[in-house]
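So the structure is just underneath, and the comments pick up after that.
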Number of protein chains: 2
Amino acid sequence: MGPNTEHARGFGALDAPLSCAVGEVRVTEARRKLCGWGYEGQGLTAAEADVFRDRTAKRFGVPLEPRATAPQVADFDLRPPRLAPPASLEALFRDDPYERLLHAYGKSFPDAVRMFRREVPEPPDLVAYPETTDDVVRILDWAGDAGAAVIPFGGGSSVVGGVEPAVGDSYAGAVTIDLLKLDKVLEVDRASRAARIQGGARGPHIEAQLREYGLTLRHFPQSFEHSTLGGWIATRSGGHFASLYTHIDDFVEATTTVTPQGVMETRRLPGSGAGPSPDRMVIGSEGILGVITEAWMRLQDRPTHRGSAAVHFADYAKAAEAVRMLAQSGLYPSNCRLIDAQETATAGAGDGSTSLLVLGFESADHPVDAWMKRALELTADCGGDHSASAGRSHREGAAGAWRDAFIKGPYFREVGVPMGVIGDTFETAITWDRFADFHARIMARTAEILEQATGRPGSVTCRFTHVYPDGPAPYFTFSALGDWERLAGQWREIKLAANEAVVDAGGTVTHHHAVGRDHRPAGYDRQRPGVFAQALAGAKAAVDPDGLMNPGVLIDPQGRDVGVTGAMAP
Amino acid sequence: MGPNTEHARGFGALDAPLSCAVGEVRVTEARRKLCGWGYEGQGLTAAEADVFRDRTAKRFGVPLEPRATAPQVADFDLRPPRLAPPASLEALFRDDPYERLLHAYGKSFPDAVRMFRREVPEPPDLVAYPETTDDVVRILDWAGDAGAAVIPFGGGSSVVGGVEPAVGDSYAGAVTIDLLKLDKVLEVDRASRAARIQGGARGPHIEAQLREYGLTLRHFPQSFEHSTLGGWIATRSGGHFASLYTHIDDFVEATTTVTPQGVMETRRLPGSGAGPSPDRMVIGSEGILGVITEAWMRLQDRPTHRGSAAVHFADYAKAAEAVRMLAQSGLYPSNCRLIDAQETATAGAGDGSTSLLVLGFESADHPVDAWMKRALELTADCGGDHSASAGRSHREGAAGAWRDAFIKGPYFREVGVPMGVIGDTFETAITWDRFADFHARIMARTAEILEQATGRPGSVTCRFTHVYPDGPAPYFTFSALGDWERLAGQWREIKLAANEAVVDAGGTVTHHHAVGRDHRPAGYDRQRPGVFAQALAGAKAAVDPDGLMNPGVLIDPQGRDVGVTGAMAP
């Protein structure tokens, strides 16, 4: 399998803590890698890296050697900070090179390339670590006075340029607000199955704090270990459940967001019909309206009943039809991931002749036999064969093999990038009536652009991360061998072509990776209705009149020319 | 039972067409009542009206006679229209007194009072009947030039002053846009189970057009016959499903909205993570951003498997606990309405000693026995007794009795109002941890204000229309006997006190009746975060810079002093 990517969110049956998670160690005590996934000390073993290199070299028929070493702080000569923190808040700020480098990029492919190439022209001038919502208010007040752009930073796992302080010259500087210290579950309402959780809390730490109540958020994006509640809400993260509760959106009961115009705290309500939902304006706002400092989240009881099956299909069209029937059945499987034949084979879960449907049900209330029985009737009607998975749990067999590969995916990039391996993903959603054509068109166009950009054939595979009654969320993984000297440009050419193809064919530029800066030029800016962009800009101007919040993400702030920045800059 | 109200949306197993529906008759051929529910010729029989009067008279211990006759067009001396339609669009406009009267009010209690009292100081100056989205664009363009306020009008069944052209003197006049002629299902995508439907299509007509495809929207608010798709979306209508798909919100796949700044057409997407959802800004916007002319809606297969049960509880607290367990079970009952003992008795479905849980499951895919079996285990654990409903369908027994009363409810008002009977409802949602105290407090406060406002004891009952894992949506029905001369004032005193109590106790001023004008002063204006009001005003100013769209609803347009208008005006 080519290097999978961060935020591939959503394969499945990931129960916290993950195998490589820091578990209940306070993340504040672990040191985050300057470049690459996770904490220092985490990653592939030397032997795993060798296997990956040899396999990739064989695949492309060329010898591969790293062209760059992992970046160190001493390698960089950063421009001096353009801002100084105010005396009254000085204890909250950092401006040392490690902190500025750590917050210069997210975890996208071009982010890794630029770090390996020691290219960091626009690091944040300052990094702030607030400890309370009030600290965030004070920091925004100061930023307003100072004319500084503000970049909210959760886990920093954005793969779309969502945390990059590339704000141009119309600001006095850029300050990144890292929510790391807002990491607590503050309150648990057992009867309503809800908890008030701070925006900077990471997945494992949330789960650890909820465990004593027998509760779980059950939101497991691939980035689970290294991303935060506030980040999930800001980016409409996709999680564990393949159907029904796919995005974080529906788990949000109430939010607290600090905007430059003050704190917006919504009411805890199970449901409401009082005007457009205030929470839905915050959900997906990607930091352009304010900083999400806490949220009341709807939780689940920890599941006690489970059923899982691996269903193989020789005919991909019939497999997709089976998924459509499942998605429309009202059975609501917790796992329903269709992985195409090539991706199944690459993960070691098949021989390349069949696509694999990983199917699962779970409940804290009742056995799920009736649900699974009916689901397997539906898949059998479409030619699915589940005989190989009989009696195996979701951690064994083909499904288990896929799961292990999924969890390790993000760690491959730091090995692949310095060898020139371009590996990335893009994800979307499309209605069923258009899926077959859409899939054929995107697969063909991606294969074409990979070869055009790199001069060699690449590979592209597809799986469904989530499914809906009206269509699937296909997730495309591609890899190719580029040239070290032209790597960022080659990636950009591929990414722009893929985004354009997806949007032209009627899909969304992102199902759950967010828009950030990178998905704008060929995607979001062409996809969102112009009138909506006006409305969103109007809402932003009302709560952020100086355009301080995450400029360049989603829309340009009024009166500022941020332009195309970061990884997409021509 | 006291006069139930319009928009009591959501009791349950209502399968279209309703018993009193016009069915597949084109609604354009039926003549809508000037005052009262439905079409001319529909309503209670004389015998039913007599029974209602006698029962009410007996209950309050006073003789009751109507103090006013049903209003006729000739009774009114309307102010002359302040606007004339442009020559190019003249064929789309009407300005005769019937049309202006028909569009002067919605269907709230004070609307009926004012019609019976012949008080219509602010009718629309013109009524437009567009036949296409382009017509709406042209009408808005003209309204902008003319400086006219624009009131979008679907079925006109608002119970919150949502369609009232009481816009004050800062506009050149008010034009109501009635979507009646945009009533078609334009396109059906069978594979994705979705259809493109025009905003003015009423419930029965939508269902009739979908039936040949074996599909159904299954959105059955109590107003189903007389309300429209666009109205449901604009007001976040609550429908058939008691759990999971409670509001219309989740059925919306894409929308087309005409704003003064142009048409906003969103993409058909099963799911997306590309920024805040454009549809979620339109959903609940109550006409202040534009006119919803069509939407792609997610549909259901017509159910073929059903299970229902009527479960009686002697202990209300335990009944609520059973509902909480059901809501958190992952079983997702289609019906799960808990009706308190008094409301059950009033509907003729019990003797007043037990509360009634109407429970139902349905599926087009699989038998629901396993679902119902587990649900009844849960209710039995909480002391529920379902023995009386064994073997009966949802149209028989206690559940059937309640259903019949529910459907007839809205027709009682035109009999009750002229006799001074105050009957209305308010509905909300609250998390489970606060429910018991909330319920006790609201019941007590409502009883208190009823007596205070009318000088006599009234009655108040409660049911759940919808339930969520984190809390129920309680729906309160009250009735009292007022004085004909002071009826509107008495109602206002009660309504303001109830709204205030709900919001002070942590609830929402509305779960699915919308905000309109009436829910603002004591409710929405105190409930929504101030920063969100700023953001919404900013979004509105961007797409409706002159503040033409439905002024006074939800928020005041920037630069206009609309103030407290309509039924809530002191």
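By convention here, the chains of the structure tokens are called A, B, ... in the order presented, each chain's residues are numbered starting at 1, and ligands are numbered starting at 1 in the order presented.
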If we count only C-alpha atoms, what is near Leu210 (chain A) at a cut-off of 12 Å, once residues fewer than 6 positions away on the same chain are taken out, given as a PyMOL selection string?
chain A and resi 16+24+184-190+193-197+201+203-204+216-218+297-302
Hey, what's within 9 Å of Gly43 (chain B) if we count only C-alpha atoms and toss same-chain stuff fewer than 3 positions away? As a PyMOL selection string, please?
chain B and resi 20+36-40+408+410-412+414
Find the residues around Ala539 (chain A) up to 12 Å (only C-alpha atoms counted), leave out those fewer than 6 positions away in its own chain, and share them as a PyMOL selection string.
(chain A and resi 259+261+278+281-282+285+288-290+532-533+545+547+555+557-558) or (chain B and resi 276+281+531-543)
Selected residues written out, C-alpha atoms, as a compact mmCIF listing (two decimals), in the first residue's frame:
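So again-v3.txt came out as:
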# COMPACT_ATOMS: atom_id res chain seq x y z
CA THR A 259 -15.09 35.47 18.42
CA GLN A 261 -16.89 40.34 19.03
CA PRO A 278 -26.22 28.55 15.73
CA MET A 281 -22.79 27.94 11.72
CA VAL A 282 -19.84 27.08 13.95
CA SER A 285 -16.32 27.21 10.22
CA ILE A 288 -12.77 31.87 10.48
CA LEU A 289 -15.41 32.94 12.99
CA GLY A 290 -13.63 32.22 16.23
CA PHE A 532 -23.75 31.61 0.17
CA ALA A 533 -20.20 32.92 0.04
CA PRO A 545 -14.92 42.94 11.52
CA GLY A 547 -10.83 39.84 9.41
CA ILE A 555 -13.28 32.68 2.18
CA PRO A 557 -11.95 38.31 4.81
CA GLN A 558 -13.57 41.48 3.54
CA PRO B 276 -20.66 25.35 7.22
CA MET B 281 -28.38 28.42 6.85
CA VAL B 531 -23.08 37.06 18.87
CA PHE B 532 -25.14 34.66 16.77
CA ALA B 533 -27.79 37.32 16.23
CA GLN B 534 -25.01 39.58 14.94
CA ALA B 535 -23.76 36.85 12.61
CA LEU B 536 -27.24 36.14 11.30
CA ALA B 537 -27.89 39.84 10.79
CA GLY B 538 -24.60 40.04 8.92
CA ALA B 539 -25.56 37.14 6.67
CA LYS B 540 -28.95 38.70 6.03
CA ALA B 541 -27.49 42.12 5.27
CA ALA B 542 -25.21 40.49 2.70
CA VAL B 543 -28.00 38.80 0.74
Nearest to chain B: which of A:Cys382, A:Ala569, A:Ala242, A:Ala453 is it, counting only C-alpha atoms?
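So, comparing all the options, the nearest one is A:Ala242.
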12 Å contact set for Met443 (chain B), only C-alpha atoms, chain neighbours under 3 positions out, as a VMD selection string
chain B and resid 340 426 435 to 440 446 to 450 458 to 463 474 to 478 497 to 498 501 to 502
Find the distance between CA of Gly273 (chain B) and CA of Ala514 (chain A) and write it in Å to one decimal.
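Pair CA of Gly273 (chain B) / CA of Ala514 (chain A) returns 5.6 Å.
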Residues of region 208-301 of chain A within 10 Å of region 325-339 of chain A: nearest atom pair and distance (Å, one decimal) for each, counting only C-alpha atoms, sorted by chain and number, as JSON lines?
{"residue": "A:His240", "atom": "CA", "partner": "A:Ser334", "partner_atom": "CA", "distance": 7.4}
{"residue": "A:Phe241", "atom": "CA", "partner": "A:Ser334", "partner_atom": "CA", "distance": 4.7}
{"residue": "A:Ala242", "atom": "CA", "partner": "A:Asn335", "partner_atom": "CA", "distance": 4.9}
{"residue": "A:Ser243", "atom": "CA", "partner": "A:Tyr332", "partner_atom": "CA", "distance": 5.7}
{"residue": "A:Leu244", "atom": "CA", "partner": "A:Tyr332", "partner_atom": "CA", "distance": 6.3}
{"residue": "A:Tyr245", "atom": "CA", "partner": "A:Ser334", "partner_atom": "CA", "distance": 8.8}
{"residue": "A:Thr246", "atom": "CA", "partner": "A:Ser334", "partner_atom": "CA", "distance": 9.2}
So, with only C-alpha atoms as the atoms that count, which of B:Asp518, B:Glu253, B:Asp315, B:Asp483 lies closest to chain A?
B:Glu253
How many Å lie between CA of Leu376 (chain A) and CA of Leu269 (chain B), rounded to one decimal?
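Between these atoms lies a distance of 27.3 Å.
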Contacts between region 99-120 of chain A and region 357-464 of chain A, please, where a residue of region 357-464 of chain A counts if it comes within 8 Å (with only C-alpha atoms); show its shortest atom pair and distance in Å to one decimal, rows by chain and ascending number, as a Markdown table.
| residue | atom | partner | partner_atom | distance |
| --- | --- | --- | --- | --- |
| A:Arg413 | CA | A:Phe109 | CA | 7.7 |
| A:Glu414 | CA | A:Ala112 | CA | 7.3 |
| A:Val417 | CA | A:Val113 | CA | 6.5 |
| A:Pro418 | CA | A:Phe116 | CA | 7.0 |
| A:Ile422 | CA | A:Phe109 | CA | 7.7 |
| A:Gly423 | CA | A:Phe109 | CA | 7.4 |
| A:Asp424 | CA | A:Phe109 | CA | 6.7 |
Next, dump the selected residues to file, keeping only all heavy atoms, as an mmCIF file, in the first residue's frame.
data_model
loop_
_atom_site.group_PDB
_atom_site.id
_atom_site.type_symbol
_atom_site.label_atom_id
_atom_site.label_comp_id
_atom_site.auth_asym_id
_atom_site.auth_seq_id
_atom_site.Cartn_x
_atom_site.Cartn_y
_atom_site.Cartn_z
ATOM 1 N N ARG A 413 4.343 8.456 5.587
ATOM 2 C CA ARG A 413 4.717 9.618 4.790
ATOM 3 C C ARG A 413 6.138 10.103 5.051
ATOM 4 O O ARG A 413 6.862 10.460 4.126
ATOM 5 C CB ARG A 413 3.725 10.753 5.010
ATOM 6 C CG ARG A 413 4.129 11.973 4.200
ATOM 7 C CD ARG A 413 3.054 13.007 4.110
ATOM 8 N NE ARG A 413 1.960 12.584 3.255
ATOM 9 C CZ ARG A 413 0.709 12.993 3.410
ATOM 10 N NH1 ARG A 413 0.411 13.808 4.400
ATOM 11 N NH2 ARG A 413 -0.226 12.598 2.579
ATOM 12 N N GLU A 414 6.533 10.134 6.321
ATOM 13 C CA GLU A 414 7.869 10.683 6.612
ATOM 14 C C GLU A 414 8.978 9.807 6.044
ATOM 15 O O GLU A 414 10.111 10.251 5.903
ATOM 16 C CB GLU A 414 8.045 10.925 8.112
ATOM 17 C CG GLU A 414 7.900 9.694 8.966
ATOM 18 C CD GLU A 414 7.535 10.036 10.410
ATOM 19 O OE1 GLU A 414 6.329 10.170 10.722
ATOM 20 O OE2 GLU A 414 8.454 10.166 11.219
ATOM 21 N N VAL A 417 8.200 10.610 1.631
ATOM 22 C CA VAL A 417 8.467 11.931 1.055
ATOM 23 C C VAL A 417 9.921 12.138 0.647
ATOM 24 O O VAL A 417 10.199 12.548 -0.484
ATOM 25 C CB VAL A 417 7.976 13.051 2.005
ATOM 26 C CG1 VAL A 417 8.598 14.394 1.653
ATOM 27 C CG2 VAL A 417 6.450 13.147 1.939
ATOM 28 N N PRO A 418 10.886 11.873 1.527
ATOM 29 C CA PRO A 418 12.269 12.147 1.106
ATOM 30 C C PRO A 418 12.752 11.255 -0.038
ATOM 31 O O PRO A 418 13.781 11.546 -0.650
ATOM 32 C CB PRO A 418 13.082 11.913 2.394
ATOM 33 C CG PRO A 418 12.202 11.133 3.292
ATOM 34 C CD PRO A 418 10.801 11.490 2.938
ATOM 35 N N ILE A 422 5.000 10.287 -3.939
ATOM 36 C CA ILE A 422 3.817 11.131 -3.760
ATOM 37 C C ILE A 422 2.656 10.230 -3.355
ATOM 38 O O ILE A 422 2.247 9.352 -4.119
ATOM 39 C CB ILE A 422 3.452 11.857 -5.071
ATOM 40 C CG1 ILE A 422 4.611 12.748 -5.525
ATOM 41 C CG2 ILE A 422 2.170 12.667 -4.890
ATOM 42 C CD1 ILE A 422 4.390 13.384 -6.894
ATOM 43 N N GLY A 423 2.178 10.418 -2.160
ATOM 44 C CA GLY A 423 1.046 9.622 -1.722
ATOM 45 C C GLY A 423 0.051 10.525 -1.044
ATOM 46 O O GLY A 423 0.404 11.310 -0.162
ATOM 47 N N ASP A 424 -1.158 10.465 -1.470
ATOM 48 C CA ASP A 424 -2.155 11.351 -0.872
ATOM 49 C C ASP A 424 -3.544 10.773 -1.152
ATOM 50 O O ASP A 424 -3.676 9.712 -1.786
ATOM 51 C CB ASP A 424 -2.021 12.767 -1.444
ATOM 52 C CG ASP A 424 -2.548 13.835 -0.493
ATOM 53 O OD1 ASP A 424 -3.148 13.481 0.538
ATOM 54 O OD2 ASP A 424 -2.365 15.025 -0.798
#
Determine which residues of region 200-404 of chain B DSSP labels as strand (DSSP E or B) from the backbone of this structure, then write them out as a VMD selection string.
chain B and resid 202 215 to 216 228 238 247 252 to 259 262 to 265 291 to 298 300 to 301 305 to 313 335 to 339 355 to 363 385
Do you know which residues are at most 9 Å from region 247-252 of chain A counting only C-alpha atoms, after dropping those on the same chain fewer than 4 positions away, and could you put them as a count of residues only?
25
For CA of Ala398 (chain B) and CA of Phe220 (chain B), determine how far apart the two atoms are, in Å to one decimal place.
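Separating CA of Ala398 (chain B) from CA of Phe220 (chain B) is a distance of 20.1 Å.
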Proximity to chain B - best of A:Val136, A:Val159, A:Ala364, A:Ala143, only C-alpha atoms
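Counting only C-alpha atoms, the residue closest to chain B is A:Ala364.
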Which residue is closest to Asp381 (chain A)? Choose from A:Val51, A:Val562, A:Leu182, A:Val311 and count only C-alpha atoms.
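When distances to Asp381 (chain A) are compared using only C-alpha atoms, the smallest one comes from A:Val311.
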